[in-house]
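Since the structure comes first, as structure tokens, the remarks are kept for the end.
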Amino acid sequence: MKKYNKYMKLFQTMVVTGLAYMLNYGINLVLVPYITDNVGTEAYGYVSLAKQFAEYAAIVVGTLNSFAARYIAVEYYQEEKKKANIYFSSVFWGDLVLGSVIFLGALGCISILQNLLNILPDILADVKFLFLFIFINFWITTVFSVFSSVAIIKNKLDIVGVFKGISYITEALILYILYMFFPTRVFYVGIGLVAASLVIVFANIWLCKRHIPELRISKGSFSIGAVKQLVFGGIWTSVNSLGELLNHGLDLLICNLMLSSTAMGQMAIAKMIYSIFQALYSVVSQAFQPLFLKSYSEKNTEGLLQELKFSMKISGMFTNVGIAGFIALGLAYFRLWIPGEDINLIYKLTVITLLTCIPGGPMQPLYYIYILTVKRKIPCFITLVGGLANVTAMYFLIKYTDMGVYAVAGTTAVVMMLINFVTNPLYMSYVLHLPWHTFYPEIIRNVISCFVLSSVFKFFSLIFTPGKWLTLIICILLYAIIGCLLHLFIVGNYEDWEKIKKIIREIRSRYIVDQ
């Protein structure tokens, strides 16, 4: 049983983190139609746009943070506690300086925001306050980000998942109070995010003091050499983030500047559904990261490969079931959720956007390979070139065709599918010194699974289309159960089923029999 305890821990992490993200989704389920109905579709577009601007700023601090957990963990596992503490303190002080400089720059941009974006005069002050709180949230999460590495090192992501749930509940309570007792404003969303982030920060600090008390912030432990090492390794992560920005992060800005605020709001709703899938990615990929890191640090190549392939199947299960379910039930969902919007347009935009998840779902956990091996140059270059091609194509299609907002969603889908189907699997195999085709069998099986699930679910929806929230929820639950079993049947092998059986037995013995 001991051999499978790590997978039981993995299961606990995914369940707890998944429930936390469901709470977050519940907030958006209520918040989006409330804002679009009371302030306008354009206003919700600015919420997503402000978050994207914070992501632009995060590219800079990513040079320091992207490899922090990796270096701290490797030194810690090798009993080099002093070196681990040097990295820990150096990251904190570096983040404090970088985060503060960026925040001050953001304040200057916010003061002239009306000159940078197309904003309706009657919501200008509201949008400025929204950007202000979003960047306060950015500063908090940046400065204290190094404490999050403790959860990865000690594999306490399940506990972090509990605190994420608490943070989302805190956010929901604050939003409820503000929207219930005060005039409706968009910037309340930013206040809620700040409160939620403070909960996570306190949780990470508590975990650090409880589980690795020898890691402490100290001016004496700051090292320019450690910062340089982290930056030289992380600069490629930032280049990669710039490529991802060109692929995903400029769509709302382009809609605002080249189309309309309404188009930006419609795209923002489609992107919100896509962000749910990104959350599903992180539920799986973050849960596996402690296993990847430990196997790599112990030079257990065979164990690492098994965990990588297993993570592809589990991540693919989440995304394939979700994509197939949305294709079948998306229109019914939008009719119930945002009946006053252009549902057919938003549904088509969402489906196009989700196409990138077909290869992206199973591949997402494998991106951690680049962190483990500190090999980022080639994939970063490819992502950057893809991003430039995406923005260029997007510009010309909008300017010289009638595709409009479809050009924004379509070009990104094509570029990202090529990257995830072709370049990443090949290079990931190369840096691990494995045959070029190592990951393709899993990718192909995941694609077949997505096609089968989509066909089955679409057939079900033709037989019965839900028209109320209760019947929609029942359909979603039934589709999820059927989809998970079908997916595992298509992609799984004997060893995978044995792992799942062991987890089920341990759940029964730990949570059912004991009671």
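Residue numbering restarts at 1 in every chain; chains get A, B, ... in the order shown in the structure tokens, and ligands count up from 1 in that same order.
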Skip Leu132 (chain A) itself and residues of its chain fewer than 2 positions away, then list as a PDB file with all heavy atoms, in the first residue's frame all residues within 12 Å of it, counting only C-alpha atoms.
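Contents of part.pdb, as written:
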```
ATOM      1  N   VAL A  47     -13.009  43.896 -16.466  1.00  0.00           N
ATOM      2  CA  VAL A  47     -12.542  43.035 -15.373  1.00  0.00           C
ATOM      3  C   VAL A  47     -11.483  42.072 -15.902  1.00  0.00           C
ATOM      4  O   VAL A  47     -10.396  41.940 -15.332  1.00  0.00           O
ATOM      5  CB  VAL A  47     -13.714  42.250 -14.750  1.00  0.00           C
ATOM      6  CG1 VAL A  47     -13.194  41.227 -13.736  1.00  0.00           C
ATOM      7  CG2 VAL A  47     -14.705  43.187 -14.085  1.00  0.00           C
ATOM      8  N   ALA A  50      -8.294  44.031 -17.034  1.00  0.00           N
ATOM      9  CA  ALA A  50      -7.436  44.443 -15.917  1.00  0.00           C
ATOM     10  C   ALA A  50      -6.594  43.266 -15.419  1.00  0.00           C
ATOM     11  O   ALA A  50      -5.402  43.421 -15.128  1.00  0.00           O
ATOM     12  CB  ALA A  50      -8.292  45.001 -14.780  1.00  0.00           C
ATOM     13  N   LYS A  51      -7.200  42.094 -15.341  1.00  0.00           N
ATOM     14  CA  LYS A  51      -6.450  40.905 -14.928  1.00  0.00           C
ATOM     15  C   LYS A  51      -5.359  40.576 -15.932  1.00  0.00           C
ATOM     16  O   LYS A  51      -4.265  40.154 -15.554  1.00  0.00           O
ATOM     17  CB  LYS A  51      -7.411  39.716 -14.757  1.00  0.00           C
ATOM     18  CG  LYS A  51      -8.379  39.853 -13.593  1.00  0.00           C
ATOM     19  CD  LYS A  51      -9.306  38.649 -13.515  1.00  0.00           C
ATOM     20  CE  LYS A  51     -10.296  38.792 -12.367  1.00  0.00           C
ATOM     21  NZ  LYS A  51     -11.235  37.636 -12.308  1.00  0.00           N
ATOM     22  N   PHE A  53      -3.760  42.748 -17.768  1.00  0.00           N
ATOM     23  CA  PHE A  53      -2.677  43.717 -17.585  1.00  0.00           C
ATOM     24  C   PHE A  53      -1.783  43.297 -16.418  1.00  0.00           C
ATOM     25  O   PHE A  53      -0.556  43.463 -16.481  1.00  0.00           O
ATOM     26  CB  PHE A  53      -3.252  45.122 -17.348  1.00  0.00           C
ATOM     27  CG  PHE A  53      -3.460  45.900 -18.610  1.00  0.00           C
ATOM     28  CD1 PHE A  53      -4.514  45.599 -19.453  1.00  0.00           C
ATOM     29  CD2 PHE A  53      -2.602  46.922 -18.967  1.00  0.00           C
ATOM     30  CE1 PHE A  53      -4.718  46.314 -20.631  1.00  0.00           C
ATOM     31  CE2 PHE A  53      -2.786  47.639 -20.139  1.00  0.00           C
ATOM     32  CZ  PHE A  53      -3.843  47.335 -20.975  1.00  0.00           C
ATOM     33  N   ALA A  54      -2.382  42.751 -15.365  1.00  0.00           N
ATOM     34  CA  ALA A  54      -1.583  42.241 -14.241  1.00  0.00           C
ATOM     35  C   ALA A  54      -0.732  41.049 -14.688  1.00  0.00           C
ATOM     36  O   ALA A  54       0.401  40.872 -14.228  1.00  0.00           O
ATOM     37  CB  ALA A  54      -2.490  41.849 -13.084  1.00  0.00           C
ATOM     38  N   PHE A 103       4.404  48.289  -9.434  1.00  0.00           N
ATOM     39  CA  PHE A 103       3.179  48.872  -8.888  1.00  0.00           C
ATOM     40  C   PHE A 103       3.186  50.387  -9.047  1.00  0.00           C
ATOM     41  O   PHE A 103       2.173  50.997  -9.419  1.00  0.00           O
ATOM     42  CB  PHE A 103       3.026  48.495  -7.418  1.00  0.00           C
ATOM     43  CG  PHE A 103       1.806  49.070  -6.767  1.00  0.00           C
ATOM     44  CD1 PHE A 103       0.543  48.585  -7.075  1.00  0.00           C
ATOM     45  CD2 PHE A 103       1.921  50.113  -5.863  1.00  0.00           C
ATOM     46  CE1 PHE A 103      -0.592  49.126  -6.481  1.00  0.00           C
ATOM     47  CE2 PHE A 103       0.793  50.662  -5.259  1.00  0.00           C
ATOM     48  CZ  PHE A 103      -0.466  50.158  -5.575  1.00  0.00           C
ATOM     49  N   LEU A 104       4.329  51.024  -8.771  1.00  0.00           N
ATOM     50  CA  LEU A 104       4.416  52.477  -8.932  1.00  0.00           C
ATOM     51  C   LEU A 104       4.225  52.873 -10.396  1.00  0.00           C
ATOM     52  O   LEU A 104       3.564  53.874 -10.706  1.00  0.00           O
ATOM     53  CB  LEU A 104       5.774  52.972  -8.419  1.00  0.00           C
ATOM     54  CG  LEU A 104       5.981  52.880  -6.898  1.00  0.00           C
ATOM     55  CD1 LEU A 104       7.416  53.282  -6.528  1.00  0.00           C
ATOM     56  CD2 LEU A 104       4.978  53.764  -6.159  1.00  0.00           C
ATOM     57  N   GLY A 105       4.794  52.073 -11.312  1.00  0.00           N
ATOM     58  CA  GLY A 105       4.580  52.336 -12.735  1.00  0.00           C
ATOM     59  C   GLY A 105       3.120  52.183 -13.128  1.00  0.00           C
ATOM     60  O   GLY A 105       2.593  52.953 -13.946  1.00  0.00           O
ATOM     61  N   ALA A 106       2.462  51.178 -12.539  1.00  0.00           N
ATOM     62  CA  ALA A 106       1.041  50.953 -12.832  1.00  0.00           C
ATOM     63  C   ALA A 106       0.193  52.133 -12.372  1.00  0.00           C
ATOM     64  O   ALA A 106      -0.781  52.512 -13.047  1.00  0.00           O
ATOM     65  CB  ALA A 106       0.570  49.670 -12.163  1.00  0.00           C
ATOM     66  N   LEU A 107       0.546  52.725 -11.225  1.00  0.00           N
ATOM     67  CA  LEU A 107      -0.207  53.884 -10.734  1.00  0.00           C
ATOM     68  C   LEU A 107      -0.170  55.026 -11.745  1.00  0.00           C
ATOM     69  O   LEU A 107      -1.178  55.704 -11.977  1.00  0.00           O
ATOM     70  CB  LEU A 107       0.372  54.355  -9.396  1.00  0.00           C
ATOM     71  CG  LEU A 107       0.142  53.442  -8.185  1.00  0.00           C
ATOM     72  CD1 LEU A 107       0.788  54.057  -6.943  1.00  0.00           C
ATOM     73  CD2 LEU A 107      -1.351  53.224  -7.947  1.00  0.00           C
ATOM     74  N   GLY A 108       0.998  55.239 -12.364  1.00  0.00           N
ATOM     75  CA  GLY A 108       1.098  56.283 -13.377  1.00  0.00           C
ATOM     76  C   GLY A 108       0.227  55.988 -14.585  1.00  0.00           C
ATOM     77  O   GLY A 108      -0.435  56.886 -15.121  1.00  0.00           O
ATOM     78  N   CYS A 109       0.205  54.722 -15.029  1.00  0.00           N
ATOM     79  CA  CYS A 109      -0.629  54.340 -16.181  1.00  0.00           C
ATOM     80  C   CYS A 109      -2.112  54.463 -15.864  1.00  0.00           C
ATOM     81  O   CYS A 109      -2.904  54.896 -16.712  1.00  0.00           O
ATOM     82  CB  CYS A 109      -0.306  52.916 -16.611  1.00  0.00           C
ATOM     83  SG  CYS A 109       1.359  52.713 -17.298  1.00  0.00           S
ATOM     84  N   ILE A 110      -2.500  54.097 -14.644  1.00  0.00           N
ATOM     85  CA  ILE A 110      -3.910  54.170 -14.251  1.00  0.00           C
ATOM     86  C   ILE A 110      -4.399  55.616 -14.264  1.00  0.00           C
ATOM     87  O   ILE A 110      -5.551  55.895 -14.632  1.00  0.00           O
ATOM     88  CB  ILE A 110      -4.111  53.532 -12.857  1.00  0.00           C
ATOM     89  CG1 ILE A 110      -3.875  52.018 -12.938  1.00  0.00           C
ATOM     90  CG2 ILE A 110      -5.512  53.813 -12.310  1.00  0.00           C
ATOM     91  CD1 ILE A 110      -3.804  51.331 -11.586  1.00  0.00           C
ATOM     92  N   SER A 111      -3.529  56.548 -13.899  1.00  0.00           N
ATOM     93  CA  SER A 111      -3.935  57.962 -13.859  1.00  0.00           C
ATOM     94  C   SER A 111      -4.284  58.504 -15.249  1.00  0.00           C
ATOM     95  O   SER A 111      -5.043  59.465 -15.377  1.00  0.00           O
ATOM     96  CB  SER A 111      -2.813  58.808 -13.239  1.00  0.00           C
ATOM     97  OG  SER A 111      -1.662  58.801 -14.070  1.00  0.00           O
ATOM     98  N   LEU A 113      -5.416  56.361 -17.805  1.00  0.00           N
ATOM     99  CA  LEU A 113      -5.980  55.171 -18.441  1.00  0.00           C
ATOM    100  C   LEU A 113      -6.901  55.506 -19.607  1.00  0.00           C
ATOM    101  O   LEU A 113      -6.977  54.776 -20.594  1.00  0.00           O
ATOM    102  CB  LEU A 113      -6.740  54.335 -17.395  1.00  0.00           C
ATOM    103  CG  LEU A 113      -7.057  52.886 -17.768  1.00  0.00           C
ATOM    104  CD1 LEU A 113      -5.770  52.090 -17.995  1.00  0.00           C
ATOM    105  CD2 LEU A 113      -7.877  52.222 -16.662  1.00  0.00           C
ATOM    106  N   ALA A 125     -14.172  56.310 -13.813  1.00  0.00           N
ATOM    107  CA  ALA A 125     -13.659  56.245 -12.439  1.00  0.00           C
ATOM    108  C   ALA A 125     -13.748  54.828 -11.888  1.00  0.00           C
ATOM    109  O   ALA A 125     -12.828  54.348 -11.203  1.00  0.00           O
ATOM    110  CB  ALA A 125     -14.441  57.216 -11.548  1.00  0.00           C
ATOM    111  N   ASP A 126     -14.864  54.167 -12.185  1.00  0.00           N
ATOM    112  CA  ASP A 126     -15.061  52.781 -11.744  1.00  0.00           C
ATOM    113  C   ASP A 126     -13.962  51.867 -12.278  1.00  0.00           C
ATOM    114  O   ASP A 126     -13.369  51.063 -11.549  1.00  0.00           O
ATOM    115  CB  ASP A 126     -16.433  52.302 -12.230  1.00  0.00           C
ATOM    116  CG  ASP A 126     -16.900  51.051 -11.512  1.00  0.00           C
ATOM    117  OD1 ASP A 126     -16.186  50.573 -10.606  1.00  0.00           O
ATOM    118  OD2 ASP A 126     -17.970  50.537 -11.856  1.00  0.00           O
ATOM    119  N   VAL A 127     -13.657  52.009 -13.558  1.00  0.00           N
ATOM    120  CA  VAL A 127     -12.631  51.166 -14.191  1.00  0.00           C
ATOM    121  C   VAL A 127     -11.249  51.487 -13.620  1.00  0.00           C
ATOM    122  O   VAL A 127     -10.425  50.583 -13.400  1.00  0.00           O
ATOM    123  CB  VAL A 127     -12.645  51.357 -15.722  1.00  0.00           C
ATOM    124  CG1 VAL A 127     -11.452  50.645 -16.364  1.00  0.00           C
ATOM    125  CG2 VAL A 127     -13.943  50.836 -16.307  1.00  0.00           C
ATOM    126  N   LYS A 128     -10.966  52.750 -13.342  1.00  0.00           N
ATOM    127  CA  LYS A 128      -9.669  53.115 -12.761  1.00  0.00           C
ATOM    128  C   LYS A 128      -9.488  52.471 -11.380  1.00  0.00           C
ATOM    129  O   LYS A 128      -8.405  51.950 -11.059  1.00  0.00           O
ATOM    130  CB  LYS A 128      -9.539  54.641 -12.656  1.00  0.00           C
ATOM    131  CG  LYS A 128      -9.231  55.333 -13.975  1.00  0.00           C
ATOM    132  CD  LYS A 128      -8.915  56.797 -13.755  1.00  0.00           C
ATOM    133  CE  LYS A 128      -8.459  57.469 -15.048  1.00  0.00           C
ATOM    134  NZ  LYS A 128      -8.058  58.880 -14.839  1.00  0.00           N
ATOM    135  N   PHE A 129     -10.522  52.528 -10.565  1.00  0.00           N
ATOM    136  CA  PHE A 129     -10.445  51.874  -9.252  1.00  0.00           C
ATOM    137  C   PHE A 129     -10.277  50.363  -9.398  1.00  0.00           C
ATOM    138  O   PHE A 129      -9.576  49.714  -8.614  1.00  0.00           O
ATOM    139  CB  PHE A 129     -11.679  52.197  -8.417  1.00  0.00           C
ATOM    140  CG  PHE A 129     -11.606  53.512  -7.694  1.00  0.00           C
ATOM    141  CD1 PHE A 129     -12.443  54.551  -8.024  1.00  0.00           C
ATOM    142  CD2 PHE A 129     -10.682  53.689  -6.673  1.00  0.00           C
ATOM    143  CE1 PHE A 129     -12.370  55.772  -7.359  1.00  0.00           C
ATOM    144  CE2 PHE A 129     -10.604  54.901  -5.994  1.00  0.00           C
ATOM    145  CZ  PHE A 129     -11.448  55.951  -6.344  1.00  0.00           C
ATOM    146  N   LEU A 130     -10.927  49.789 -10.406  1.00  0.00           N
ATOM    147  CA  LEU A 130     -10.779  48.356 -10.668  1.00  0.00           C
ATOM    148  C   LEU A 130      -9.314  48.013 -10.944  1.00  0.00           C
ATOM    149  O   LEU A 130      -8.758  47.080 -10.350  1.00  0.00           O
ATOM    150  CB  LEU A 130     -11.646  47.954 -11.866  1.00  0.00           C
ATOM    151  CG  LEU A 130     -11.421  46.541 -12.421  1.00  0.00           C
ATOM    152  CD1 LEU A 130     -11.859  45.492 -11.410  1.00  0.00           C
ATOM    153  CD2 LEU A 130     -12.163  46.363 -13.746  1.00  0.00           C
ATOM    154  N   ILE A 134      -6.721  45.672  -8.701  1.00  0.00           N
ATOM    155  CA  ILE A 134      -6.098  44.525  -9.371  1.00  0.00           C
ATOM    156  C   ILE A 134      -4.583  44.574  -9.189  1.00  0.00           C
ATOM    157  O   ILE A 134      -3.939  43.535  -8.946  1.00  0.00           O
ATOM    158  CB  ILE A 134      -6.458  44.497 -10.870  1.00  0.00           C
ATOM    159  CG1 ILE A 134      -7.954  44.192 -11.072  1.00  0.00           C
ATOM    160  CG2 ILE A 134      -5.600  43.472 -11.613  1.00  0.00           C
ATOM    161  CD1 ILE A 134      -8.381  42.806 -10.661  1.00  0.00           C
ATOM    162  N   PHE A 135      -4.002  45.755  -9.265  1.00  0.00           N
ATOM    163  CA  PHE A 135      -2.547  45.859  -9.117  1.00  0.00           C
ATOM    164  C   PHE A 135      -2.108  45.837  -7.655  1.00  0.00           C
ATOM    165  O   PHE A 135      -0.963  45.464  -7.351  1.00  0.00           O
ATOM    166  CB  PHE A 135      -2.016  47.093  -9.846  1.00  0.00           C
ATOM    167  CG  PHE A 135      -1.717  46.817 -11.286  1.00  0.00           C
ATOM    168  CD1 PHE A 135      -2.682  47.022 -12.261  1.00  0.00           C
ATOM    169  CD2 PHE A 135      -0.489  46.296 -11.664  1.00  0.00           C
ATOM    170  CE1 PHE A 135      -2.417  46.736 -13.597  1.00  0.00           C
ATOM    171  CE2 PHE A 135      -0.213  46.012 -12.993  1.00  0.00           C
ATOM    172  CZ  PHE A 135      -1.178  46.224 -13.962  1.00  0.00           C
ATOM    173  N   ILE A 136      -2.972  46.222  -6.741  1.00  0.00           N
ATOM    174  CA  ILE A 136      -2.677  45.979  -5.322  1.00  0.00           C
ATOM    175  C   ILE A 136      -2.608  44.473  -5.075  1.00  0.00           C
ATOM    176  O   ILE A 136      -1.712  43.970  -4.378  1.00  0.00           O
ATOM    177  CB  ILE A 136      -3.750  46.630  -4.422  1.00  0.00           C
ATOM    178  CG1 ILE A 136      -3.630  48.158  -4.472  1.00  0.00           C
ATOM    179  CG2 ILE A 136      -3.610  46.139  -2.978  1.00  0.00           C
ATOM    180  CD1 ILE A 136      -4.745  48.879  -3.742  1.00  0.00           C
ATOM    181  N   ASN A 137      -3.543  43.761  -5.672  1.00  0.00           N
ATOM    182  CA  ASN A 137      -3.539  42.300  -5.579  1.00  0.00           C
ATOM    183  C   ASN A 137      -2.262  41.717  -6.204  1.00  0.00           C
ATOM    184  O   ASN A 137      -1.654  40.784  -5.660  1.00  0.00           O
ATOM    185  CB  ASN A 137      -4.771  41.742  -6.280  1.00  0.00           C
ATOM    186  CG  ASN A 137      -4.852  40.240  -6.192  1.00  0.00           C
ATOM    187  OD1 ASN A 137      -5.025  39.668  -5.124  1.00  0.00           O
ATOM    188  ND2 ASN A 137      -4.731  39.570  -7.323  1.00  0.00           N
ATOM    189  N   PHE A 138      -1.849  42.274  -7.340  1.00  0.00           N
ATOM    190  CA  PHE A 138      -0.604  41.845  -7.987  1.00  0.00           C
ATOM    191  C   PHE A 138       0.582  42.028  -7.046  1.00  0.00           C
ATOM    192  O   PHE A 138       1.447  41.143  -6.926  1.00  0.00           O
ATOM    193  CB  PHE A 138      -0.393  42.633  -9.275  1.00  0.00           C
ATOM    194  CG  PHE A 138       1.014  42.602  -9.792  1.00  0.00           C
ATOM    195  CD1 PHE A 138       1.469  41.513 -10.515  1.00  0.00           C
ATOM    196  CD2 PHE A 138       1.885  43.658  -9.542  1.00  0.00           C
ATOM    197  CE1 PHE A 138       2.781  41.466 -10.983  1.00  0.00           C
ATOM    198  CE2 PHE A 138       3.197  43.622 -10.011  1.00  0.00           C
ATOM    199  CZ  PHE A 138       3.634  42.517 -10.730  1.00  0.00           C
ATOM    200  N   TRP A 139       0.663  43.172  -6.387  1.00  0.00           N
ATOM    201  CA  TRP A 139       1.789  43.442  -5.475  1.00  0.00           C
ATOM    202  C   TRP A 139       1.820  42.435  -4.332  1.00  0.00           C
ATOM    203  O   TRP A 139       2.878  41.901  -3.984  1.00  0.00           O
ATOM    204  CB  TRP A 139       1.673  44.863  -4.920  1.00  0.00           C
ATOM    205  CG  TRP A 139       2.845  45.258  -4.058  1.00  0.00           C
ATOM    206  CD1 TRP A 139       4.007  45.827  -4.476  1.00  0.00           C
ATOM    207  CD2 TRP A 139       2.960  45.102  -2.640  1.00  0.00           C
ATOM    208  NE1 TRP A 139       4.854  46.029  -3.412  1.00  0.00           N
ATOM    209  CE2 TRP A 139       4.242  45.599  -2.274  1.00  0.00           C
ATOM    210  CE3 TRP A 139       2.126  44.600  -1.652  1.00  0.00           C
ATOM    211  CZ2 TRP A 139       4.688  45.606  -0.954  1.00  0.00           C
ATOM    212  CZ3 TRP A 139       2.569  44.590  -0.334  1.00  0.00           C
ATOM    213  CH2 TRP A 139       3.827  45.094   0.014  1.00  0.00           C
ATOM    214  N   VAL A 186     -17.997  48.051 -10.582  1.00  0.00           N
ATOM    215  CA  VAL A 186     -17.168  46.951 -11.069  1.00  0.00           C
ATOM    216  C   VAL A 186     -15.951  46.734 -10.180  1.00  0.00           C
ATOM    217  O   VAL A 186     -15.487  45.607 -10.010  1.00  0.00           O
ATOM    218  CB  VAL A 186     -16.722  47.224 -12.521  1.00  0.00           C
ATOM    219  CG1 VAL A 186     -15.764  46.151 -13.007  1.00  0.00           C
ATOM    220  CG2 VAL A 186     -17.921  47.292 -13.443  1.00  0.00           C
ATOM    221  N   PHE A 187     -15.410  47.809  -9.562  1.00  0.00           N
ATOM    222  CA  PHE A 187     -14.152  47.674  -8.839  1.00  0.00           C
ATOM    223  C   PHE A 187     -14.280  46.822  -7.567  1.00  0.00           C
ATOM    224  O   PHE A 187     -13.267  46.447  -6.975  1.00  0.00           O
ATOM    225  CB  PHE A 187     -13.545  49.044  -8.518  1.00  0.00           C
ATOM    226  CG  PHE A 187     -14.233  49.818  -7.425  1.00  0.00           C
ATOM    227  CD1 PHE A 187     -13.949  49.573  -6.094  1.00  0.00           C
ATOM    228  CD2 PHE A 187     -15.136  50.829  -7.736  1.00  0.00           C
ATOM    229  CE1 PHE A 187     -14.561  50.312  -5.084  1.00  0.00           C
ATOM    230  CE2 PHE A 187     -15.759  51.561  -6.740  1.00  0.00           C
ATOM    231  CZ  PHE A 187     -15.473  51.299  -5.403  1.00  0.00           C
ATOM    232  N   TYR A 188     -15.511  46.490  -7.168  1.00  0.00           N
ATOM    233  CA  TYR A 188     -15.669  45.594  -6.021  1.00  0.00           C
ATOM    234  C   TYR A 188     -14.985  44.242  -6.291  1.00  0.00           C
ATOM    235  O   TYR A 188     -14.523  43.571  -5.368  1.00  0.00           O
ATOM    236  CB  TYR A 188     -17.147  45.356  -5.726  1.00  0.00           C
ATOM    237  CG  TYR A 188     -17.932  46.584  -5.318  1.00  0.00           C
ATOM    238  CD1 TYR A 188     -19.330  46.592  -5.405  1.00  0.00           C
ATOM    239  CD2 TYR A 188     -17.302  47.726  -4.847  1.00  0.00           C
ATOM    240  CE1 TYR A 188     -20.064  47.706  -5.035  1.00  0.00           C
ATOM    241  CE2 TYR A 188     -18.035  48.852  -4.477  1.00  0.00           C
ATOM    242  CZ  TYR A 188     -19.407  48.841  -4.579  1.00  0.00           C
ATOM    243  OH  TYR A 188     -20.141  49.943  -4.204  1.00  0.00           O
ATOM    244  N   VAL A 189     -14.946  43.861  -7.568  1.00  0.00           N
ATOM    245  CA  VAL A 189     -14.287  42.600  -7.935  1.00  0.00           C
ATOM    246  C   VAL A 189     -12.824  42.623  -7.491  1.00  0.00           C
ATOM    247  O   VAL A 189     -12.290  41.635  -6.981  1.00  0.00           O
ATOM    248  CB  VAL A 189     -14.383  42.353  -9.451  1.00  0.00           C
ATOM    249  CG1 VAL A 189     -13.617  41.091  -9.847  1.00  0.00           C
ATOM    250  CG2 VAL A 189     -15.838  42.251  -9.891  1.00  0.00           C
ATOM    251  N   GLY A 190     -12.166  43.771  -7.667  1.00  0.00           N
ATOM    252  CA  GLY A 190     -10.773  43.909  -7.252  1.00  0.00           C
ATOM    253  C   GLY A 190     -10.609  43.807  -5.748  1.00  0.00           C
ATOM    254  O   GLY A 190      -9.650  43.200  -5.253  1.00  0.00           O
ATOM    255  N   ILE A 191     -11.534  44.387  -4.986  1.00  0.00           N
ATOM    256  CA  ILE A 191     -11.476  44.299  -3.529  1.00  0.00           C
ATOM    257  C   ILE A 191     -11.600  42.838  -3.084  1.00  0.00           C
ATOM    258  O   ILE A 191     -10.882  42.373  -2.196  1.00  0.00           O
ATOM    259  CB  ILE A 191     -12.587  45.158  -2.888  1.00  0.00           C
ATOM    260  CG1 ILE A 191     -12.388  46.637  -3.236  1.00  0.00           C
ATOM    261  CG2 ILE A 191     -12.623  44.967  -1.370  1.00  0.00           C
ATOM    262  CD1 ILE A 191     -13.491  47.547  -2.734  1.00  0.00           C
ATOM    263  N   LEU A 193     -10.736  40.185  -4.775  1.00  0.00           N
ATOM    264  CA  LEU A 193      -9.503  39.485  -5.114  1.00  0.00           C
ATOM    265  C   LEU A 193      -8.404  39.760  -4.092  1.00  0.00           C
ATOM    266  O   LEU A 193      -7.645  38.855  -3.717  1.00  0.00           O
ATOM    267  CB  LEU A 193      -9.022  39.896  -6.506  1.00  0.00           C
ATOM    268  CG  LEU A 193      -9.825  39.360  -7.691  1.00  0.00           C
ATOM    269  CD1 LEU A 193      -9.324  39.985  -8.994  1.00  0.00           C
ATOM    270  CD2 LEU A 193      -9.719  37.848  -7.771  1.00  0.00           C
ATOM    271  N   VAL A 194      -8.308  40.999  -3.632  1.00  0.00           N
ATOM    272  CA  VAL A 194      -7.308  41.341  -2.616  1.00  0.00           C
ATOM    273  C   VAL A 194      -7.547  40.548  -1.339  1.00  0.00           C
ATOM    274  O   VAL A 194      -6.612  39.988  -0.749  1.00  0.00           O
ATOM    275  CB  VAL A 194      -7.331  42.859  -2.330  1.00  0.00           C
ATOM    276  CG1 VAL A 194      -6.487  43.185  -1.098  1.00  0.00           C
ATOM    277  CG2 VAL A 194      -6.833  43.635  -3.533  1.00  0.00           C
TER     278      VAL A 194
END
```
request  = For Ile86 (chain A), please output as a ChimeraX atom specification all residues within 8 Å (counting only C-alpha atoms; exclusion window: fewer than 2 positions along the same chain).
outcome  = /A:82-84,88-90,221-223,226
So which residues touch Phe147 (chain A) within 7 Å, counting only C-alpha atoms, skipping near sequence neighbours fewer than 3 positions away, as a compact mmCIF listing (two decimals) with N, CA and C atoms, in the first residue's frame?
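So the final result, stored in selection-v2.txt, reads:
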```txt
# COMPACT_ATOMS: atom_id res chain seq x y z
N PHE A 144 4.92 37.98 -1.78
CA PHE A 144 4.89 36.82 -0.88
C PHE A 144 4.84 35.49 -1.64
N VAL A 150 6.88 26.22 -0.38
CA VAL A 150 6.87 25.25 0.72
C VAL A 150 5.83 24.16 0.48
N ASN A 204 0.16 30.35 3.32
CA ASN A 204 1.50 29.93 2.89
C ASN A 204 2.56 30.25 3.95
N ILE A 205 2.44 31.41 4.58
CA ILE A 205 3.38 31.76 5.65
C ILE A 205 3.25 30.79 6.82
N CYS A 208 4.86 27.52 5.97
CA CYS A 208 6.31 27.64 6.02
C CYS A 208 6.82 27.52 7.46
```
request  = Mind giving me the straight-line distance from CA of Ala58 (chain A) to CA of Ile398 (chain A) in Å, one decimal?
outcome  = 28.2 Å
inquiry  = as a VMD selection string, please: every residue in region 374-507 of chain A that DSSP puts in alpha helix (DSSP H).
reply    = chain A and resid 377 to 400 405 to 418 424 to 431 440 to 463 469 to 491 494 to 507
query = For Phe326 (chain A), which residue among A:Tyr494, A:Phe277, A:Tyr76, A:Phe421 is the nearest when counting only C-alpha atoms?
reply = A:Phe277
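You can rank A:Phe181, A:Tyr71, A:Tyr46, A:Phe318 by their closest distance to Cys484 (chain A) using only C-alpha atoms, and at the top of that list sits A:Phe318.
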task = Find the residues around Met267 (chain A) up to 8 Å (only C-alpha atoms counted), leave out those fewer than 4 positions away in its own chain, and share them as a list in words.
result =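 Surrounding residues, per the criterion: Gly45, Asp251, Leu252, Cys255, Ala263, Lys271, Ile346, Leu349 and Val405 of chain A.
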inquiry  = If I take CA of Ile112 (chain A) and CA of Thr184 (chain A), how far is one from the other in Å, to one decimal?
reply    =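 Calculated distance between CA of Ile112 (chain A) and CA of Thr184 (chain A) is 23.5 Å.
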message = Considering only C-alpha atoms, can you say which of A:Ala413, A:Phe334, A:Val408, A:Lys299 comes closest to Leu354 (chain A)?
response =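 Checking each of A:Ala413, A:Phe334, A:Val408, A:Lys299 against Leu354 (chain A), counting only C-alpha atoms, the winner is A:Ala413.
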